[in-house]
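Notes follow the structure.
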Amino acid sequence: MTFGFAPSSAASLSSSAASANRVLELAEWAAAGIPLLRNPREVVSGLHSRHHPKPATAIVAVLDPEDRLCASASFTRRTAPADGWMFRNVLLAQLRRVIPHDLRRRTPVRTAVLLYCREGDARWTEEDGAWMWGLRDACTLHGLRCGAYITLTRDGWQVLGEGRGGRRPSMNSAPEPFATSETPLPPPRTGGAASEVLRRAAAR
(Lines give C-alpha, C1' and ligand atoms only; values in the text may rest on other atoms or scores of the structure.)
Protein backbone atom coordinates (compact mmCIF):
# COMPACT_ATOMS: atom_id res chain seq x y z
CA MET A 1 0.00 0.00 0.00
CA THR A 2 1.29 3.45 -0.92
CA PHE A 3 0.55 6.59 1.09
CA GLY A 4 0.85 10.21 0.00
CA PHE A 5 -0.31 12.43 -2.77
CA ALA A 6 -1.07 10.95 -6.14
CA PRO A 7 1.27 12.22 -8.86
CA SER A 8 -0.10 14.56 -11.48
CA SER A 9 -1.11 13.13 -14.83
CA ALA A 10 1.84 14.92 -16.48
CA ALA A 11 4.26 13.38 -13.98
CA SER A 12 2.72 9.95 -14.53
CA LEU A 13 3.10 10.26 -18.28
CA SER A 14 6.70 11.38 -17.88
CA SER A 15 7.48 8.45 -15.59
CA SER A 16 5.77 6.01 -17.97
CA ALA A 17 7.76 7.35 -20.92
CA ALA A 18 11.03 7.02 -19.00
CA SER A 19 10.14 3.46 -18.00
CA ALA A 20 9.21 2.53 -21.58
CA ASN A 21 12.56 3.82 -22.84
CA ARG A 22 14.43 2.23 -19.90
CA VAL A 23 15.96 5.46 -18.65
CA LEU A 24 17.21 6.21 -15.14
CA GLU A 25 16.69 9.74 -13.85
CA LEU A 26 19.76 11.35 -12.29
CA ALA A 27 18.18 11.32 -8.81
CA GLU A 28 17.53 7.57 -9.14
CA TRP A 29 21.12 6.98 -10.17
CA ALA A 30 22.52 9.13 -7.35
CA ALA A 31 20.41 7.21 -4.81
CA ALA A 32 21.41 3.76 -6.10
CA GLY A 33 24.52 3.43 -3.94
CA ILE A 34 27.01 3.40 -6.82
CA PRO A 35 30.51 2.77 -5.36
CA LEU A 36 32.81 5.79 -5.48
CA LEU A 37 35.98 5.62 -7.53
CA ARG A 38 39.10 6.08 -5.41
CA ASN A 39 40.83 8.13 -8.07
CA PRO A 40 38.39 9.03 -10.86
CA ARG A 41 40.86 11.21 -12.76
CA GLU A 42 43.33 8.32 -12.97
CA VAL A 43 40.62 6.02 -14.33
CA VAL A 44 39.45 8.61 -16.86
CA SER A 45 42.99 9.47 -17.97
CA GLY A 46 43.86 5.80 -18.35
CA LEU A 47 40.81 5.05 -20.49
CA HIS A 48 41.31 8.22 -22.53
CA SER A 49 44.95 7.31 -23.25
CA ARG A 50 44.05 3.72 -24.06
CA HIS A 51 41.06 4.29 -26.35
CA HIS A 52 41.41 7.88 -27.69
CA PRO A 53 37.61 8.45 -27.65
CA LYS A 54 35.83 10.67 -30.15
CA PRO A 55 32.22 11.94 -29.93
CA ALA A 56 29.70 9.08 -29.59
CA THR A 57 32.38 6.68 -28.31
CA ALA A 58 31.48 4.55 -25.28
CA ILE A 59 34.13 2.81 -23.18
CA VAL A 60 33.13 0.07 -20.74
CA ALA A 61 35.84 -0.93 -18.28
CA VAL A 62 36.10 -3.51 -15.51
CA LEU A 63 38.01 -2.68 -12.32
CA ASP A 64 39.30 -5.07 -9.67
CA PRO A 65 38.64 -4.51 -5.93
CA GLU A 66 41.61 -2.09 -5.84
CA ASP A 67 40.18 -0.04 -8.72
CA ARG A 68 42.85 -1.33 -11.09
CA LEU A 69 41.84 -1.82 -14.69
CA CYS A 70 41.20 -5.47 -15.62
CA ALA A 71 39.74 -5.07 -19.10
CA SER A 72 38.11 -2.48 -21.32
CA ALA A 73 36.39 -2.15 -24.67
CA SER A 74 35.23 0.79 -26.77
CA PHE A 75 32.71 1.18 -29.55
CA THR A 76 30.83 3.91 -31.40
CA ARG A 77 27.17 4.53 -30.74
CA ARG A 78 25.11 4.41 -33.93
CA THR A 79 22.38 6.95 -34.62
CA ALA A 80 19.23 5.56 -33.03
CA PRO A 81 16.79 6.58 -30.28
CA ALA A 82 18.31 6.32 -26.80
CA ASP A 83 17.06 3.08 -25.29
CA GLY A 84 18.48 1.41 -22.20
CA TRP A 85 17.58 -2.08 -23.38
CA MET A 86 19.61 -1.68 -26.57
CA PHE A 87 22.52 -0.15 -24.62
CA ARG A 88 22.32 -3.03 -22.12
CA ASN A 89 22.69 -5.58 -24.90
CA VAL A 90 25.65 -3.75 -26.41
CA LEU A 91 27.44 -3.40 -23.07
CA LEU A 92 26.78 -7.02 -22.16
CA ALA A 93 28.17 -8.18 -25.51
CA GLN A 94 31.35 -6.19 -24.89
CA LEU A 95 31.75 -7.46 -21.32
CA ARG A 96 31.39 -11.05 -22.53
CA ARG A 97 34.15 -10.44 -25.08
CA VAL A 98 36.72 -9.05 -22.67
CA ILE A 99 36.22 -10.73 -19.28
CA PRO A 100 34.59 -13.88 -17.79
CA HIS A 101 31.41 -13.39 -15.78
CA ASP A 102 31.30 -13.51 -11.96
CA LEU A 103 27.83 -15.03 -11.65
CA ARG A 104 29.07 -17.86 -9.42
CA ARG A 105 30.12 -15.41 -6.70
CA ARG A 106 27.68 -14.59 -3.93
CA THR A 107 28.86 -10.98 -3.92
CA PRO A 108 30.38 -9.18 -6.92
CA VAL A 109 34.02 -8.19 -6.43
CA ARG A 110 34.71 -6.49 -9.76
CA THR A 111 33.10 -3.26 -10.89
CA ALA A 112 32.13 -2.05 -14.36
CA VAL A 113 32.28 1.64 -15.18
CA LEU A 114 31.20 3.43 -18.33
CA LEU A 115 32.77 6.48 -19.93
CA TYR A 116 30.79 8.12 -22.73
CA CYS A 117 32.27 10.82 -24.97
CA ARG A 118 29.60 13.13 -26.34
CA GLU A 119 28.78 16.64 -27.51
CA GLY A 120 27.09 19.12 -25.19
CA ASP A 121 27.84 19.99 -21.58
CA ALA A 122 28.07 17.74 -18.53
CA ARG A 123 24.43 18.06 -17.51
CA TRP A 124 22.35 14.88 -17.44
CA THR A 125 20.47 14.01 -20.63
CA GLU A 126 17.96 11.30 -21.46
CA GLU A 127 20.69 9.53 -23.40
CA ASP A 128 22.80 9.45 -20.22
CA GLY A 129 19.82 7.96 -18.38
CA ALA A 130 19.54 5.20 -20.97
CA TRP A 131 23.25 4.38 -20.61
CA MET A 132 22.83 4.27 -16.82
CA TRP A 133 19.93 1.82 -17.11
CA GLY A 134 21.88 -0.29 -19.58
CA LEU A 135 25.03 -0.35 -17.45
CA ARG A 136 23.14 -1.34 -14.30
CA ASP A 137 21.32 -4.19 -16.05
CA ALA A 138 24.41 -5.43 -17.91
CA CYS A 139 26.32 -5.58 -14.62
CA THR A 140 23.57 -7.64 -13.01
CA LEU A 141 23.58 -10.11 -15.90
CA HIS A 142 27.39 -10.42 -15.86
CA GLY A 143 27.82 -10.68 -12.09
CA LEU A 144 29.54 -7.31 -11.65
CA ARG A 145 28.99 -4.33 -9.39
CA CYS A 146 27.55 -1.35 -11.23
CA GLY A 147 30.08 1.45 -11.07
CA ALA A 148 30.36 5.06 -12.13
CA TYR A 149 28.93 6.63 -15.26
CA ILE A 150 31.28 9.30 -16.63
CA THR A 151 30.75 11.77 -19.44
CA LEU A 152 33.59 13.25 -21.48
CA THR A 153 32.76 16.53 -23.22
CA ARG A 154 34.54 19.61 -24.56
CA ASP A 155 34.52 21.01 -21.02
CA GLY A 156 36.22 17.96 -19.48
CA TRP A 157 34.97 14.91 -17.59
CA GLN A 158 32.20 14.51 -15.03
CA VAL A 159 31.12 11.62 -12.82
CA LEU A 160 27.35 12.03 -12.99
CA GLY A 161 25.51 11.81 -9.71
CA GLU A 162 28.64 12.62 -7.70
CA GLY A 163 29.61 16.13 -8.74
CA ARG A 164 33.25 15.15 -9.28
CA GLY A 165 34.98 16.16 -12.48
CA GLY A 166 37.88 17.97 -14.10
CA ARG A 167 38.94 19.88 -17.20
CA ARG A 168 41.50 17.33 -18.40
CA PRO A 169 41.24 15.08 -20.18
CA SER A 170 38.47 16.46 -22.37
CA MET A 171 36.92 15.43 -25.65
CA ASN A 172 39.45 17.51 -27.57
CA SER A 173 42.59 16.98 -25.51
CA ALA A 174 45.49 14.84 -26.64
CA PRO A 175 45.97 11.56 -24.77
CA GLU A 176 48.24 11.97 -21.76
CA PRO A 177 51.12 9.60 -21.02
CA PHE A 178 49.78 7.11 -18.52
CA ALA A 179 52.30 5.23 -16.39
CA THR A 180 51.00 2.26 -14.46
CA SER A 181 52.45 -0.64 -12.49
CA GLU A 182 49.58 -2.92 -13.46
CA THR A 183 50.02 -6.15 -15.36
CA PRO A 184 49.99 -5.33 -19.09
CA LEU A 185 46.51 -5.63 -20.55
CA PRO A 186 45.58 -7.12 -23.92
CA PRO A 187 45.02 -4.62 -26.74
CA PRO A 188 41.81 -2.62 -26.25
CA ARG A 189 38.72 -3.95 -27.97
CA THR A 190 36.90 -1.72 -30.43
CA GLY A 191 33.77 -2.05 -32.54
CA GLY A 192 33.01 -5.67 -33.29
CA ALA A 193 29.85 -7.18 -31.85
CA ALA A 194 28.71 -3.92 -30.30
CA SER A 195 28.76 -2.04 -33.59
CA GLU A 196 26.77 -4.84 -35.21
CA VAL A 197 24.13 -4.79 -32.45
CA LEU A 198 23.75 -1.03 -32.79
CA ARG A 199 23.61 -1.27 -36.59
CA ARG A 200 20.77 -3.78 -36.47
CA ALA A 201 18.87 -1.74 -33.90
CA ALA A 202 19.18 1.45 -35.98
CA ALA A 203 17.92 -0.38 -39.07
CA ARG A 204 14.64 -1.41 -37.42
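The way I read the labels, and the way they are meant: chains A, B, ... in the order of the C-alpha coordinates, residue 1 as the first residue of every chain, and ligand 1 as the first ligand shown, with later ones counted on from there.
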Please return, as JSON, numbers by chain, all residues of segment 95-177 of chain A that DSSP assigns to strand (DSSP E) on the basis of the backbone.
{"A": [111, 112, 113, 114, 115, 116, 117, 145, 146, 147, 148, 149, 150, 151, 152, 153, 156, 157, 158, 159, 164, 165, 166]}
For the interface of segment 143-184 of chain A with segment 37-59 of chain A (cut-off 10 Å, counting only C-alpha atoms), please tabulate each contacting residue of segment 143-184 of chain A alongside its nearest pair of atoms and their separation in Å to one decimal, rows sorted by chain and increasing number, as CSV.
```
residue,atom,partner,partner_atom,distance
A:Gly147,CA,A:Leu37,CA,8.0
A:Ala148,CA,A:Leu37,CA,7.3
A:Ile150,CA,A:Val44,CA,8.2
A:Thr151,CA,A:Ala58,CA,9.3
A:Leu152,CA,A:Pro55,CA,8.7
A:Thr153,CA,A:Pro55,CA,8.1
A:Arg154,CA,A:Pro55,CA,9.6
A:Trp157,CA,A:Val44,CA,7.8
A:Gln158,CA,A:Pro40,CA,9.3
A:Val159,CA,A:Pro40,CA,8.0
A:Arg164,CA,A:Pro40,CA,8.1
A:Gly165,CA,A:Arg41,CA,7.7
A:Gly166,CA,A:Arg41,CA,7.5
A:Arg167,CA,A:Arg41,CA,9.9
A:Arg168,CA,A:Ser45,CA,8.0
A:Pro169,CA,A:Ser45,CA,6.3
A:Ser170,CA,A:His48,CA,8.7
A:Met171,CA,A:Lys54,CA,6.6
A:Asn172,CA,A:Lys54,CA,8.2
A:Ser173,CA,A:His48,CA,9.3
A:Ala174,CA,A:His52,CA,8.1
A:Pro175,CA,A:Ser49,CA,4.6
A:Glu176,CA,A:Ser49,CA,5.9
A:Pro177,CA,A:Ser49,CA,6.9
A:Phe178,CA,A:Gly46,CA,6.1
A:Ala179,CA,A:Gly46,CA,8.7
A:Thr180,CA,A:Gly46,CA,8.9
```
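We find atom CA of Ala82 of chain A and atom CA of Leu24 of chain A to be spaced 11.7 Å apart.
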Per DSSP on the backbone, what are the alpha helix (DSSP H) residues of segment 51-184 of chain A, as a VMD selection string?
chain A and resid 51 84 to 98 126 to 142
Keeping only N, CA, C and O atoms, take the residues you just selected and write them out as a short mmCIF file (atom, residue, chain, number, x, y, z; two decimals), in the first residue's frame.
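Once written, out07.cif looks like this:
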```cif
data_model
loop_
_atom_site.label_atom_id
_atom_site.label_comp_id
_atom_site.auth_asym_id
_atom_site.auth_seq_id
_atom_site.Cartn_x
_atom_site.Cartn_y
_atom_site.Cartn_z
N HIS A 51 42.06 4.43 -25.28
CA HIS A 51 41.06 4.29 -26.35
C HIS A 51 40.92 5.51 -27.25
O HIS A 51 40.26 5.42 -28.30
N GLY A 84 17.65 2.14 -23.12
CA GLY A 84 18.48 1.41 -22.20
C GLY A 84 18.60 -0.06 -22.51
O GLY A 84 19.65 -0.67 -22.29
N TRP A 85 17.54 -0.66 -23.05
CA TRP A 85 17.58 -2.08 -23.38
C TRP A 85 18.61 -2.35 -24.47
O TRP A 85 19.40 -3.30 -24.37
N MET A 86 18.63 -1.52 -25.49
CA MET A 86 19.61 -1.68 -26.57
C MET A 86 21.02 -1.46 -26.03
O MET A 86 21.94 -2.23 -26.33
N PHE A 87 21.20 -0.41 -25.20
CA PHE A 87 22.52 -0.15 -24.62
C PHE A 87 22.95 -1.31 -23.73
O PHE A 87 24.12 -1.68 -23.70
N ARG A 88 22.00 -1.88 -22.97
CA ARG A 88 22.32 -3.03 -22.12
C ARG A 88 22.88 -4.18 -22.95
O ARG A 88 23.89 -4.80 -22.58
N ASN A 89 22.24 -4.48 -24.05
CA ASN A 89 22.69 -5.58 -24.90
C ASN A 89 24.08 -5.34 -25.46
O ASN A 89 24.91 -6.25 -25.55
N VAL A 90 24.34 -4.10 -25.86
CA VAL A 90 25.65 -3.75 -26.41
C VAL A 90 26.72 -3.89 -25.34
O VAL A 90 27.79 -4.48 -25.57
N LEU A 91 26.45 -3.34 -24.16
CA LEU A 91 27.44 -3.40 -23.07
C LEU A 91 27.69 -4.84 -22.64
O LEU A 91 28.84 -5.23 -22.39
N LEU A 92 26.63 -5.63 -22.56
CA LEU A 92 26.78 -7.02 -22.16
C LEU A 92 27.61 -7.79 -23.18
O LEU A 92 28.47 -8.62 -22.82
N ALA A 93 27.39 -7.53 -24.46
CA ALA A 93 28.17 -8.18 -25.51
C ALA A 93 29.65 -7.85 -25.36
O ALA A 93 30.52 -8.72 -25.51
N GLN A 94 29.96 -6.58 -25.05
CA GLN A 94 31.35 -6.19 -24.89
C GLN A 94 31.97 -6.82 -23.64
O GLN A 94 33.11 -7.30 -23.68
N LEU A 95 31.23 -6.85 -22.54
CA LEU A 95 31.75 -7.46 -21.32
C LEU A 95 32.05 -8.94 -21.54
O LEU A 95 33.06 -9.46 -21.07
N ARG A 96 31.18 -9.62 -22.27
CA ARG A 96 31.39 -11.05 -22.53
C ARG A 96 32.63 -11.28 -23.40
O ARG A 96 33.25 -12.34 -23.32
N ARG A 97 32.97 -10.31 -24.21
CA ARG A 97 34.15 -10.44 -25.08
C ARG A 97 35.45 -10.28 -24.31
O ARG A 97 36.46 -10.90 -24.66
N VAL A 98 35.45 -9.42 -23.28
CA VAL A 98 36.72 -9.05 -22.67
C VAL A 98 36.99 -9.66 -21.31
O VAL A 98 38.15 -9.68 -20.86
N GLU A 126 18.69 12.56 -21.38
CA GLU A 126 17.96 11.30 -21.46
C GLU A 126 18.84 10.19 -21.99
O GLU A 126 18.73 9.03 -21.58
N GLU A 127 19.75 10.53 -22.89
CA GLU A 127 20.69 9.53 -23.40
C GLU A 127 21.57 9.00 -22.27
O GLU A 127 21.82 7.79 -22.18
N ASP A 128 22.02 9.89 -21.38
CA ASP A 128 22.80 9.45 -20.22
C ASP A 128 21.97 8.49 -19.36
O ASP A 128 22.48 7.47 -18.88
N GLY A 129 20.69 8.82 -19.17
CA GLY A 129 19.82 7.96 -18.38
C GLY A 129 19.66 6.58 -18.97
O GLY A 129 19.56 5.58 -18.24
N ALA A 130 19.64 6.51 -20.30
CA ALA A 130 19.54 5.20 -20.97
C ALA A 130 20.83 4.40 -20.78
O ALA A 130 20.80 3.18 -20.56
N TRP A 131 21.99 5.07 -20.86
CA TRP A 131 23.25 4.38 -20.61
C TRP A 131 23.31 3.88 -19.17
O TRP A 131 23.81 2.78 -18.91
N MET A 132 22.83 4.69 -18.23
CA MET A 132 22.83 4.27 -16.82
C MET A 132 21.99 3.01 -16.63
O MET A 132 22.40 2.07 -15.94
N TRP A 133 20.80 3.01 -17.22
CA TRP A 133 19.93 1.82 -17.11
C TRP A 133 20.63 0.61 -17.72
O TRP A 133 20.63 -0.48 -17.15
N GLY A 134 21.21 0.81 -18.90
CA GLY A 134 21.88 -0.29 -19.58
C GLY A 134 23.07 -0.82 -18.80
O GLY A 134 23.27 -2.04 -18.72
N LEU A 135 23.86 0.08 -18.22
CA LEU A 135 25.03 -0.35 -17.45
C LEU A 135 24.59 -1.14 -16.22
O LEU A 135 25.16 -2.21 -15.92
N ARG A 136 23.61 -0.65 -15.51
CA ARG A 136 23.14 -1.34 -14.30
C ARG A 136 22.65 -2.75 -14.63
O ARG A 136 22.99 -3.71 -13.94
N ASP A 137 21.88 -2.88 -15.70
CA ASP A 137 21.32 -4.19 -16.05
C ASP A 137 22.40 -5.13 -16.58
O ASP A 137 22.40 -6.33 -16.27
N ALA A 138 23.33 -4.61 -17.38
CA ALA A 138 24.41 -5.43 -17.91
C ALA A 138 25.28 -5.97 -16.78
O ALA A 138 25.71 -7.13 -16.81
N CYS A 139 25.52 -5.14 -15.76
CA CYS A 139 26.32 -5.58 -14.62
C CYS A 139 25.62 -6.71 -13.87
O CYS A 139 26.26 -7.69 -13.48
N THR A 140 24.33 -6.59 -13.69
CA THR A 140 23.57 -7.64 -13.01
C THR A 140 23.67 -8.96 -13.77
O THR A 140 23.89 -10.02 -13.17
N LEU A 141 23.56 -8.90 -15.08
CA LEU A 141 23.58 -10.11 -15.90
C LEU A 141 24.98 -10.71 -16.04
O LEU A 141 25.11 -11.88 -16.41
N HIS A 142 26.02 -9.92 -15.74
CA HIS A 142 27.39 -10.42 -15.86
C HIS A 142 28.05 -10.64 -14.49
O HIS A 142 29.22 -10.99 -14.41
#
```
Any idea what the distance is between atom CA of Gly161 of chain A and atom CA of Ala31 of chain A?
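A separation of 8.4 Å between them.
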